[in-house]
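Structure first, then comments.
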Amino acid sequence: MRITVLTVADCPNAQPALERVTTALDGRDAKVELVKVTNETEAAQRGMYGSPTILINGTDPFAPPGAVPSLSCRLYRDADGTVSGVPGETALRQALAGATAPGQDADVPDCCTQQPDALDVVGRDGRGRRAPAARGLRAVHQQATSNNTQPDRA
């Protein structure tokens with residue numbers, strides 16, 4: 001596992017973030033490095049969403065949706081609502097537990113990979129089902145429409 005703590009120069013939360021990571025690792029083998037980011041371009045390239053940003057195998061598990069890379073200070077909110085300059089130990093342990101080493105597959109099977117032809121027997125890519133042409137709803141619908149070609153005039 002590779003853990004990178006991205007920070008700006010003189011960030012007061014850089015050292016506490018490193019200490020929190022070490023504690024949350026609980027003796028597991030990991031390469032931990034501190035990287036000082038100096039400009040917005042580098043922040044965008046590395047995926048830094050404020051200082052400190054903790055990347056686990058290159059991914060920020062704490063990044064909110066739609067976050068924009070920046071050199072600003074970063075705050076983390078715990079499950080109980082408290083705000084801190086570093087993620088909570090419980091949240092960090094959960095993020096580390098969910099990480100897999102590069103090149104390894106997670107023990108959980110990929111639930112979203114669709115097997116070919118498993119659900120798409122009529123070639124509609126999941127856009128609904130087609131009723132059988134003979135003796136099905138399609139036949140009923142076609143019969144009803146063909147009988148109503150002339151408007152009723154009473």
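Lettering and numbering for the structure tokens are positional, with chains as A, B, ... in the shown order, residues counted from 1 in each chain, and ligands counted from 1 in the shown order.
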If we count only C-alpha atoms, what is near Leu92 in chain A at a cut-off of 9 Å, once residues fewer than 2 positions away on the same chain are taken out, given as a PyMOL selection string? chain A and resi 20-21+24-25+61-62+87-90+94-97
So which residues touch range 2-12 of chain A within 7 Å, counting only C-alpha atoms, skipping near sequence neighbours fewer than 5 positions away, as a ChimeraX atom specification? /A:30-38,48,51-57,71
Would you mind exporting C-alpha atoms of the selected residues as a compact mmCIF listing (two decimals), in the first residue's frame?
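Contents of the output file part.txt:
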```
# COMPACT_ATOMS: atom_id res chain seq x y z
CA ALA A 30 2.90 0.63 3.71
CA LYS A 31 5.09 3.17 2.02
CA VAL A 32 4.23 6.57 3.53
CA GLU A 33 5.60 9.78 2.07
CA LEU A 34 5.11 13.49 2.65
CA VAL A 35 5.04 15.63 -0.50
CA LYS A 36 5.07 19.43 -0.43
CA VAL A 37 3.02 20.90 -3.27
CA THR A 38 4.07 24.37 -4.41
CA MET A 48 -4.74 17.72 -3.88
CA SER A 51 -3.70 20.70 2.77
CA PRO A 52 -3.27 18.06 3.99
CA THR A 53 -4.65 15.62 1.43
CA ILE A 54 -4.14 11.92 2.15
CA LEU A 55 -3.92 9.70 -0.92
CA ILE A 56 -4.21 5.94 -0.53
CA ASN A 57 -2.79 4.20 -3.59
CA LEU A 71 -3.56 24.79 -2.16
```
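Counting only C-alpha atoms, the residue from A:Gly98, A:Cys73, A:Gln45, A:Ala67 that sits nearest to Val86 in chain A is A:Cys73.
CA of Arg93 in chain A to CA of Ala14 in chain A spans 18.0 Å [interatomic distance, one decimal].
Between CA of Thr23 in chain A and CA of Leu75 in chain A lies a distance of 19.4 Å.
Note that the spacing between CA of Ala44 in chain A and CA of Ser72 in chain A amounts to 12.3 Å.
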When distances are computed from only C-alpha atoms, which of A:Gly50, A:Gly27, A:Gly85, A:Pro16 shows the smallest separation from Pro64 in chain A? A:Gly50
With only C-alpha atoms as the counted atoms, please give the residues lying no more than 7 Å from Tyr49 in chain A, apart from itself and same-chain residues fewer than 6 positions off, as a compact mmCIF listing (two decimals) with C-alpha atoms, in the first residue's frame.
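Okay, this is what ended up in part_38.txt:
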```txt
# COMPACT_ATOMS: atom_id res chain seq x y z
CA ALA A 63 -12.62 14.03 -1.43
CA ALA A 67 -14.08 19.02 -5.19
CA VAL A 68 -11.69 21.35 -6.99
CA PRO A 69 -7.91 20.92 -6.53
CA SER A 70 -6.37 23.71 -4.47
```
Using backbone DSSP assignments, extract all alpha helix (DSSP H) residues from range 36-73 of chain A; output them as a PDB file with N, CA and C atoms, in the first residue's frame.
```pdb
ATOM      1  N   GLU A  40      -0.633  25.550  -8.022  1.00  0.00           N
ATOM      2  CA  GLU A  40      -1.955  25.034  -8.382  1.00  0.00           C
ATOM      3  C   GLU A  40      -1.885  23.926  -9.441  1.00  0.00           C
ATOM      4  N   THR A  41      -0.971  24.051 -10.385  1.00  0.00           N
ATOM      5  CA  THR A  41      -0.830  23.045 -11.442  1.00  0.00           C
ATOM      6  C   THR A  41      -0.444  21.699 -10.839  1.00  0.00           C
ATOM      7  N   GLU A  42       0.512  21.719  -9.940  1.00  0.00           N
ATOM      8  CA  GLU A  42       0.943  20.491  -9.276  1.00  0.00           C
ATOM      9  C   GLU A  42      -0.188  19.926  -8.408  1.00  0.00           C
ATOM     10  N   ALA A  43      -0.928  20.808  -7.754  1.00  0.00           N
ATOM     11  CA  ALA A  43      -2.065  20.363  -6.939  1.00  0.00           C
ATOM     12  C   ALA A  43      -3.085  19.634  -7.801  1.00  0.00           C
ATOM     13  N   ALA A  44      -3.373  20.168  -8.975  1.00  0.00           N
ATOM     14  CA  ALA A  44      -4.328  19.531  -9.886  1.00  0.00           C
ATOM     15  C   ALA A  44      -3.790  18.202 -10.396  1.00  0.00           C
ATOM     16  N   GLN A  45      -2.512  18.145 -10.729  1.00  0.00           N
ATOM     17  CA  GLN A  45      -1.919  16.909 -11.241  1.00  0.00           C
ATOM     18  C   GLN A  45      -1.906  15.808 -10.189  1.00  0.00           C
ATOM     19  N   ARG A  46      -1.673  16.161  -8.961  1.00  0.00           N
ATOM     20  CA  ARG A  46      -1.569  15.160  -7.891  1.00  0.00           C
ATOM     21  C   ARG A  46      -2.910  14.846  -7.230  1.00  0.00           C
TER      22      ARG A  46
END
```
